[in-house]
Amino acid sequence: MQTYCKLLLKDGSEFEVTLEQAEDYRSLFPAVNVAQEFCCMEAWLKGNESRRKTKRGIKRFIANWLIRAAR
């Protein structure tokens with residue numbers, strides 16, 4: 001699977017978002033510029049080291065971010 005983007009995690013590793021997952025998010029949030037929002041997530045996670053997410057919590061972070069962006 002091809003990687004769409006990588007998000008930094010609390011332990012220093014990266015969560016890889018695949019192209020397939022990105023397409024799923026695009027279909028779930030048609031009014032949101034998903035590519036732009038993933039760039040914003042990457043920047044936020046880089047700038048907020050102490051608030052980075054775990055492997056367990058990153059998917060919830062993505063969903064909540066996109067839900068807020070859709071409002």
# chains A, B, ... in the order shown; residues from 1 in each chain; ligands from 1
call {"tool": "residues_around", "arguments": {"residues": "Arg52 in chain A", "least_positions_apart": "3", "cutoff": "6 Å", "atoms": "only C-alpha atoms", "output": "ChimeraX atom specification"}}
result
/A:9-10,45,49
call {"tool": "write_last_selection", "arguments": {"atoms": "all heavy atoms", "output": "PDB file, in the first residue's frame"}}
result
ATOM      1  N   LEU A   9       3.948  10.323  16.205  1.00  0.00           N
ATOM      2  CA  LEU A   9       3.298   9.800  17.403  1.00  0.00           C
ATOM      3  C   LEU A   9       4.107  10.158  18.643  1.00  0.00           C
ATOM      4  O   LEU A   9       5.269  10.561  18.565  1.00  0.00           O
ATOM      5  CB  LEU A   9       3.152   8.279  17.301  1.00  0.00           C
ATOM      6  CG  LEU A   9       2.277   7.771  16.159  1.00  0.00           C
ATOM      7  CD1 LEU A   9       2.325   6.242  16.108  1.00  0.00           C
ATOM      8  CD2 LEU A   9       0.851   8.260  16.301  1.00  0.00           C
ATOM      9  N   LYS A  10       3.481   9.976  19.790  1.00  0.00           N
ATOM     10  CA  LYS A  10       4.083  10.310  21.077  1.00  0.00           C
ATOM     11  C   LYS A  10       5.419   9.607  21.308  1.00  0.00           C
ATOM     12  O   LYS A  10       6.345  10.188  21.867  1.00  0.00           O
ATOM     13  CB  LYS A  10       3.101   9.956  22.191  1.00  0.00           C
ATOM     14  CG  LYS A  10       3.527  10.394  23.558  1.00  0.00           C
ATOM     15  CD  LYS A  10       2.411  10.168  24.548  1.00  0.00           C
ATOM     16  CE  LYS A  10       2.077  11.531  25.093  1.00  0.00           C
ATOM     17  NZ  LYS A  10       0.818  11.676  25.719  1.00  0.00           N
ATOM     18  N   LEU A  45       1.082  18.391  15.012  1.00  0.00           N
ATOM     19  CA  LEU A  45       1.785  17.346  15.762  1.00  0.00           C
ATOM     20  C   LEU A  45       3.273  17.648  15.900  1.00  0.00           C
ATOM     21  O   LEU A  45       3.882  17.343  16.927  1.00  0.00           O
ATOM     22  CB  LEU A  45       1.567  15.983  15.105  1.00  0.00           C
ATOM     23  CG  LEU A  45       0.142  15.429  15.240  1.00  0.00           C
ATOM     24  CD1 LEU A  45      -0.068  14.264  14.291  1.00  0.00           C
ATOM     25  CD2 LEU A  45      -0.161  15.023  16.675  1.00  0.00           C
ATOM     26  N   GLU A  49       4.697  18.780  20.634  1.00  0.00           N
ATOM     27  CA  GLU A  49       5.351  17.518  20.985  1.00  0.00           C
ATOM     28  C   GLU A  49       4.713  16.824  22.195  1.00  0.00           C
ATOM     29  O   GLU A  49       4.508  15.618  22.188  1.00  0.00           O
ATOM     30  CB  GLU A  49       6.824  17.800  21.284  1.00  0.00           C
ATOM     31  CG  GLU A  49       7.738  16.673  20.934  1.00  0.00           C
ATOM     32  CD  GLU A  49       9.196  17.079  21.084  1.00  0.00           C
ATOM     33  OE1 GLU A  49       9.590  18.109  20.536  1.00  0.00           O
ATOM     34  OE2 GLU A  49       9.903  16.324  21.761  1.00  0.00           O
TER      35      GLU A  49
END
call {"tool": "residues_around", "arguments": {"residues": "Lys46 in chain A", "least_positions_apart": "4", "cutoff": "10 Å", "atoms": "only C-alpha atoms", "output": "compact mmCIF listing (two decimals) with all heavy atoms, in the first residue's frame"}}
result
# COMPACT_ATOMS: atom_id res chain seq x y z
N LEU A 7 2.12 10.77 10.21
CA LEU A 7 1.84 11.61 11.37
C LEU A 7 2.70 11.15 12.53
O LEU A 7 2.76 9.96 12.84
CB LEU A 7 0.36 11.53 11.74
CG LEU A 7 -0.64 11.95 10.66
CD1 LEU A 7 -2.06 11.68 11.12
CD2 LEU A 7 -0.47 13.40 10.29
N LEU A 8 3.37 12.10 13.19
CA LEU A 8 4.24 11.78 14.32
C LEU A 8 3.43 11.33 15.53
O LEU A 8 2.38 11.90 15.83
CB LEU A 8 5.06 13.01 14.71
CG LEU A 8 6.17 13.41 13.75
CD1 LEU A 8 6.76 14.75 14.16
CD2 LEU A 8 7.26 12.35 13.75
N LEU A 9 3.95 10.32 16.20
CA LEU A 9 3.30 9.80 17.40
C LEU A 9 4.11 10.16 18.64
O LEU A 9 5.27 10.56 18.57
CB LEU A 9 3.15 8.28 17.30
CG LEU A 9 2.28 7.77 16.16
CD1 LEU A 9 2.32 6.24 16.11
CD2 LEU A 9 0.85 8.26 16.30
N CYS A 40 -2.22 20.25 7.96
CA CYS A 40 -2.40 20.95 9.23
C CYS A 40 -2.16 20.02 10.41
O CYS A 40 -1.54 20.42 11.40
CB CYS A 40 -3.80 21.54 9.30
SG CYS A 40 -4.10 22.89 8.15
N MET A 41 -2.62 18.77 10.31
CA MET A 41 -2.39 17.80 11.38
C MET A 41 -0.90 17.55 11.57
O MET A 41 -0.40 17.52 12.70
CB MET A 41 -3.07 16.46 11.06
CG MET A 41 -4.54 16.44 11.23
SD MET A 41 -5.17 14.78 10.86
CE MET A 41 -6.50 15.20 9.74
N GLU A 42 -0.18 17.38 10.45
CA GLU A 42 1.26 17.14 10.52
C GLU A 42 1.95 18.31 11.22
O GLU A 42 2.79 18.11 12.10
CB GLU A 42 1.85 16.97 9.12
CG GLU A 42 1.53 15.65 8.48
CD GLU A 42 2.18 15.51 7.11
OE1 GLU A 42 3.42 15.44 7.07
OE2 GLU A 42 1.45 15.48 6.11
N SER A 50 4.38 17.59 23.21
CA SER A 50 3.83 17.00 24.43
C SER A 50 2.39 16.53 24.27
O SER A 50 1.88 15.80 25.11
CB SER A 50 3.91 18.00 25.58
OG SER A 50 3.07 19.11 25.32
N ARG A 51 1.71 16.94 23.18
CA ARG A 51 0.31 16.57 22.97
C ARG A 51 0.12 15.59 21.82
O ARG A 51 -0.99 15.36 21.37
CB ARG A 51 -0.51 17.83 22.75
CG ARG A 51 -0.46 18.74 23.97
CD ARG A 51 -1.30 19.94 23.84
NE ARG A 51 -2.71 19.53 23.83
CZ ARG A 51 -3.69 20.31 23.40
NH1 ARG A 51 -3.42 21.51 22.95
NH2 ARG A 51 -4.93 19.89 23.42
N ARG A 52 1.22 15.00 21.36
CA ARG A 52 1.12 14.00 20.29
C ARG A 52 0.32 12.81 20.76
O ARG A 52 0.21 12.54 21.95
CB ARG A 52 2.52 13.55 19.85
CG ARG A 52 3.25 14.61 19.08
CD ARG A 52 4.60 14.12 18.64
NE ARG A 52 5.35 15.22 18.05
CZ ARG A 52 6.64 15.23 17.90
NH1 ARG A 52 7.37 14.19 18.29
NH2 ARG A 52 7.25 16.27 17.37
call {"tool": "residues_around", "arguments": {"residues": "range 12-29 of chain A", "least_positions_apart": "4", "cutoff": "9 Å", "atoms": "only C-alpha atoms", "output": "MDAnalysis selection string"}}
result
chainID A and resid 1:8 33:35 55 58 63 66:67 70
call {"tool": "write_last_selection", "arguments": {"atoms": "all heavy atoms", "output": "short mmCIF file (atom, residue, chain, number, x, y, z; two decimals), in the first residue's frame"}}
result
data_model
loop_
_atom_site.label_atom_id
_atom_site.label_comp_id
_atom_site.auth_asym_id
_atom_site.auth_seq_id
_atom_site.Cartn_x
_atom_site.Cartn_y
_atom_site.Cartn_z
N MET A 1 0.83 -1.19 0.00
CA MET A 1 0.00 0.00 0.00
C MET A 1 0.87 1.24 0.00
O MET A 1 1.88 1.29 0.69
CB MET A 1 -0.90 0.02 1.22
CG MET A 1 -1.96 -1.01 1.23
SD MET A 1 -3.14 -0.62 2.53
CE MET A 1 -4.42 -1.73 2.06
N GLN A 2 0.43 2.23 -0.75
CA GLN A 2 1.18 3.47 -0.82
C GLN A 2 0.83 4.38 0.35
O GLN A 2 -0.32 4.44 0.78
CB GLN A 2 0.88 4.20 -2.12
CG GLN A 2 1.57 3.59 -3.32
CD GLN A 2 1.38 4.48 -4.53
OE1 GLN A 2 0.27 4.84 -4.86
NE2 GLN A 2 2.47 4.84 -5.15
N THR A 3 1.83 5.10 0.83
CA THR A 3 1.65 6.01 1.94
C THR A 3 1.20 7.37 1.43
O THR A 3 1.77 7.92 0.49
CB THR A 3 2.97 6.17 2.72
OG1 THR A 3 3.36 4.88 3.21
CG2 THR A 3 2.81 7.12 3.88
N TYR A 4 0.17 7.90 2.06
CA TYR A 4 -0.36 9.22 1.72
C TYR A 4 0.37 10.29 2.52
O TYR A 4 0.81 11.29 1.99
CB TYR A 4 -1.86 9.24 2.01
CG TYR A 4 -2.52 10.56 1.70
CD1 TYR A 4 -2.75 10.94 0.40
CD2 TYR A 4 -2.92 11.41 2.72
CE1 TYR A 4 -3.35 12.14 0.10
CE2 TYR A 4 -3.54 12.61 2.44
CZ TYR A 4 -3.75 12.98 1.13
OH TYR A 4 -4.35 14.17 0.85
N CYS A 5 0.48 10.07 3.83
CA CYS A 5 1.26 10.97 4.69
C CYS A 5 1.63 10.22 5.96
O CYS A 5 1.14 9.12 6.22
CB CYS A 5 0.49 12.25 4.99
SG CYS A 5 -0.88 12.04 6.14
N LYS A 6 2.49 10.83 6.75
CA LYS A 6 2.93 10.24 8.02
C LYS A 6 2.69 11.24 9.13
O LYS A 6 3.04 12.42 8.99
CB LYS A 6 4.41 9.89 7.96
CG LYS A 6 4.73 8.81 6.94
CD LYS A 6 6.21 8.50 6.92
CE LYS A 6 6.52 7.46 5.86
NZ LYS A 6 7.94 7.13 5.81
N LEU A 7 2.12 10.77 10.21
CA LEU A 7 1.84 11.61 11.37
C LEU A 7 2.70 11.15 12.53
O LEU A 7 2.76 9.96 12.84
CB LEU A 7 0.36 11.53 11.74
CG LEU A 7 -0.64 11.95 10.66
CD1 LEU A 7 -2.06 11.68 11.12
CD2 LEU A 7 -0.47 13.40 10.29
N LEU A 8 3.37 12.10 13.19
CA LEU A 8 4.24 11.78 14.32
C LEU A 8 3.43 11.33 15.53
O LEU A 8 2.38 11.90 15.83
CB LEU A 8 5.06 13.01 14.71
CG LEU A 8 6.17 13.41 13.75
CD1 LEU A 8 6.76 14.75 14.16
CD2 LEU A 8 7.26 12.35 13.75
N ASN A 33 -11.36 19.81 2.62
CA ASN A 33 -10.14 19.61 1.85
C ASN A 33 -9.23 18.72 2.69
O ASN A 33 -8.44 19.20 3.51
CB ASN A 33 -9.48 20.95 1.54
CG ASN A 33 -8.24 20.82 0.69
OD1 ASN A 33 -7.65 19.74 0.59
ND2 ASN A 33 -7.84 21.91 0.07
N VAL A 34 -9.36 17.42 2.50
CA VAL A 34 -8.66 16.43 3.34
C VAL A 34 -7.14 16.58 3.23
O VAL A 34 -6.44 16.49 4.24
CB VAL A 34 -9.13 15.00 3.00
CG1 VAL A 34 -8.30 13.96 3.71
CG2 VAL A 34 -10.60 14.84 3.35
N ALA A 35 -6.64 16.84 2.04
CA ALA A 35 -5.19 17.00 1.86
C ALA A 35 -4.67 18.16 2.72
O ALA A 35 -3.66 18.03 3.41
CB ALA A 35 -4.86 17.23 0.39
N LYS A 55 -0.36 5.34 19.24
CA LYS A 55 -0.84 4.50 18.14
C LYS A 55 -2.31 4.17 18.33
O LYS A 55 -3.06 4.06 17.36
CB LYS A 55 -0.02 3.20 18.06
CG LYS A 55 1.36 3.41 17.54
CD LYS A 55 2.13 2.10 17.45
CE LYS A 55 3.55 2.39 16.99
NZ LYS A 55 4.34 1.19 16.83
N ILE A 58 -4.46 7.76 17.56
CA ILE A 58 -4.27 8.61 16.38
C ILE A 58 -5.48 8.60 15.44
O ILE A 58 -5.83 9.63 14.87
CB ILE A 58 -2.96 8.26 15.63
CG1 ILE A 58 -2.62 9.34 14.61
CG2 ILE A 58 -3.06 6.89 14.98
CD1 ILE A 58 -2.20 10.65 15.19
N ALA A 63 -10.18 11.52 13.06
CA ALA A 63 -11.63 11.64 12.89
C ALA A 63 -12.15 12.92 13.54
O ALA A 63 -12.92 13.67 12.91
CB ALA A 63 -12.32 10.42 13.48
N LEU A 66 -11.16 16.03 11.48
CA LEU A 66 -11.94 16.19 10.25
C LEU A 66 -13.40 16.56 10.55
O LEU A 66 -14.01 17.33 9.81
CB LEU A 66 -11.86 14.93 9.40
CG LEU A 66 -10.47 14.63 8.84
CD1 LEU A 66 -10.44 13.27 8.16
CD2 LEU A 66 -10.00 15.72 7.88
N ILE A 67 -13.94 16.05 11.64
CA ILE A 67 -15.30 16.43 12.04
C ILE A 67 -15.35 17.93 12.35
O ILE A 67 -16.25 18.64 11.92
CB ILE A 67 -15.76 15.60 13.26
CG1 ILE A 67 -16.03 14.16 12.83
CG2 ILE A 67 -17.00 16.21 13.91
CD1 ILE A 67 -16.19 13.18 13.98
N ALA A 70 -15.25 20.01 9.25
CA ALA A 70 -16.47 19.96 8.46
C ALA A 70 -17.55 20.92 8.97
O ALA A 70 -18.50 21.21 8.26
CB ALA A 70 -17.03 18.54 8.44
#
call {"tool": "select_by_dssp", "arguments": {"residues": "chain A", "states": "strand (DSSP E or B)", "output": "NGL selection string"}}
result
:A and (3-9 or 14-18 or 53)
call {"tool": "write_last_selection", "arguments": {"atoms": "all heavy atoms", "output": "mmCIF file, in the first residue's frame"}}
result
data_model
loop_
_atom_site.group_PDB
_atom_site.id
_atom_site.type_symbol
_atom_site.label_atom_id
_atom_site.label_comp_id
_atom_site.auth_asym_id
_atom_site.auth_seq_id
_atom_site.Cartn_x
_atom_site.Cartn_y
_atom_site.Cartn_z
ATOM 1 N N THR A 3 1.833 5.098 0.831
ATOM 2 C CA THR A 3 1.651 6.014 1.941
ATOM 3 C C THR A 3 1.200 7.375 1.428
ATOM 4 O O THR A 3 1.774 7.925 0.492
ATOM 5 C CB THR A 3 2.971 6.166 2.723
ATOM 6 O OG1 THR A 3 3.360 4.876 3.213
ATOM 7 C CG2 THR A 3 2.813 7.115 3.880
ATOM 8 N N TYR A 4 0.168 7.898 2.059
ATOM 9 C CA TYR A 4 -0.361 9.220 1.721
ATOM 10 C C TYR A 4 0.374 10.287 2.524
ATOM 11 O O TYR A 4 0.807 11.286 1.989
ATOM 12 C CB TYR A 4 -1.864 9.245 2.011
ATOM 13 C CG TYR A 4 -2.523 10.558 1.697
ATOM 14 C CD1 TYR A 4 -2.746 10.943 0.397
ATOM 15 C CD2 TYR A 4 -2.925 11.409 2.719
ATOM 16 C CE1 TYR A 4 -3.355 12.143 0.097
ATOM 17 C CE2 TYR A 4 -3.538 12.608 2.437
ATOM 18 C CZ TYR A 4 -3.752 12.976 1.127
ATOM 19 O OH TYR A 4 -4.352 14.170 0.852
ATOM 20 N N CYS A 5 0.484 10.065 3.826
ATOM 21 C CA CYS A 5 1.257 10.971 4.689
ATOM 22 C C CYS A 5 1.628 10.220 5.961
ATOM 23 O O CYS A 5 1.140 9.121 6.217
ATOM 24 C CB CYS A 5 0.485 12.254 4.994
ATOM 25 S SG CYS A 5 -0.882 12.041 6.137
ATOM 26 N N LYS A 6 2.494 10.830 6.751
ATOM 27 C CA LYS A 6 2.929 10.243 8.017
ATOM 28 C C LYS A 6 2.689 11.245 9.130
ATOM 29 O O LYS A 6 3.039 12.423 8.993
ATOM 30 C CB LYS A 6 4.411 9.887 7.961
ATOM 31 C CG LYS A 6 4.727 8.806 6.943
ATOM 32 C CD LYS A 6 6.213 8.500 6.921
ATOM 33 C CE LYS A 6 6.517 7.456 5.858
ATOM 34 N NZ LYS A 6 7.941 7.133 5.812
ATOM 35 N N LEU A 7 2.119 10.768 10.210
ATOM 36 C CA LEU A 7 1.842 11.613 11.370
ATOM 37 C C LEU A 7 2.701 11.152 12.533
ATOM 38 O O LEU A 7 2.756 9.964 12.842
ATOM 39 C CB LEU A 7 0.360 11.530 11.743
ATOM 40 C CG LEU A 7 -0.639 11.951 10.663
ATOM 41 C CD1 LEU A 7 -2.064 11.677 11.125
ATOM 42 C CD2 LEU A 7 -0.469 13.401 10.290
ATOM 43 N N LEU A 8 3.368 12.100 13.186
ATOM 44 C CA LEU A 8 4.238 11.780 14.320
ATOM 45 C C LEU A 8 3.430 11.329 15.527
ATOM 46 O O LEU A 8 2.379 11.896 15.825
ATOM 47 C CB LEU A 8 5.060 13.008 14.707
ATOM 48 C CG LEU A 8 6.173 13.407 13.753
ATOM 49 C CD1 LEU A 8 6.758 14.754 14.156
ATOM 50 C CD2 LEU A 8 7.256 12.349 13.748
ATOM 51 N N LEU A 9 3.948 10.323 16.205
ATOM 52 C CA LEU A 9 3.298 9.800 17.403
ATOM 53 C C LEU A 9 4.107 10.158 18.643
ATOM 54 O O LEU A 9 5.269 10.561 18.565
ATOM 55 C CB LEU A 9 3.152 8.279 17.301
ATOM 56 C CG LEU A 9 2.277 7.771 16.159
ATOM 57 C CD1 LEU A 9 2.325 6.242 16.108
ATOM 58 C CD2 LEU A 9 0.851 8.260 16.301
ATOM 59 N N GLU A 14 6.038 6.926 13.580
ATOM 60 C CA GLU A 14 5.108 7.600 12.679
ATOM 61 C C GLU A 14 3.946 6.678 12.340
ATOM 62 O O GLU A 14 4.123 5.476 12.167
ATOM 63 C CB GLU A 14 5.812 8.000 11.385
ATOM 64 C CG GLU A 14 6.889 9.035 11.581
ATOM 65 C CD GLU A 14 7.639 9.348 10.299
ATOM 66 O OE1 GLU A 14 7.850 8.430 9.477
ATOM 67 O OE2 GLU A 14 8.011 10.516 10.124
ATOM 68 N N PHE A 15 2.769 7.270 12.225
ATOM 69 C CA PHE A 15 1.581 6.558 11.769
ATOM 70 C C PHE A 15 1.429 6.858 10.288
ATOM 71 O O PHE A 15 1.345 8.016 9.895
ATOM 72 C CB PHE A 15 0.341 7.030 12.540
ATOM 73 C CG PHE A 15 -0.932 6.399 12.052
ATOM 74 C CD1 PHE A 15 -1.270 5.112 12.428
ATOM 75 C CD2 PHE A 15 -1.794 7.093 11.215
ATOM 76 C CE1 PHE A 15 -2.446 4.527 11.983
ATOM 77 C CE2 PHE A 15 -2.964 6.519 10.767
ATOM 78 C CZ PHE A 15 -3.300 5.237 11.154
ATOM 79 N N GLU A 16 1.418 5.824 9.477
ATOM 80 C CA GLU A 16 1.303 6.006 8.036
ATOM 81 C C GLU A 16 -0.152 5.942 7.612
ATOM 82 O O GLU A 16 -0.833 4.948 7.845
ATOM 83 C CB GLU A 16 2.113 4.942 7.295
ATOM 84 C CG GLU A 16 3.598 5.096 7.480
ATOM 85 C CD GLU A 16 4.408 4.168 6.596
ATOM 86 O OE1 GLU A 16 3.830 3.496 5.719
ATOM 87 O OE2 GLU A 16 5.627 4.124 6.794
ATOM 88 N N VAL A 17 -0.616 7.024 6.992
ATOM 89 C CA VAL A 17 -1.954 7.058 6.419
ATOM 90 C C VAL A 17 -1.814 6.603 4.974
ATOM 91 O O VAL A 17 -1.034 7.172 4.214
ATOM 92 C CB VAL A 17 -2.543 8.482 6.472
ATOM 93 C CG1 VAL A 17 -3.929 8.511 5.842
ATOM 94 C CG2 VAL A 17 -2.579 8.996 7.906
ATOM 95 N N THR A 18 -2.543 5.566 4.590
ATOM 96 C CA THR A 18 -2.438 5.043 3.228
ATOM 97 C C THR A 18 -3.347 5.838 2.281
ATOM 98 O O THR A 18 -4.258 6.549 2.732
ATOM 99 C CB THR A 18 -2.850 3.560 3.179
ATOM 100 O OG1 THR A 18 -4.233 3.462 3.520
ATOM 101 C CG2 THR A 18 -2.007 2.713 4.117
ATOM 102 N N LYS A 53 -0.206 12.077 19.814
ATOM 103 C CA LYS A 53 -1.089 10.960 20.115
ATOM 104 C C LYS A 53 -0.347 9.627 20.096
ATOM 105 O O LYS A 53 0.737 9.512 19.555
ATOM 106 C CB LYS A 53 -2.241 10.925 19.104
ATOM 107 C CG LYS A 53 -2.982 12.256 18.986
ATOM 108 C CD LYS A 53 -3.446 12.761 20.335
ATOM 109 C CE LYS A 53 -3.955 14.175 20.269
ATOM 110 N NZ LYS A 53 -4.144 14.774 21.577
#
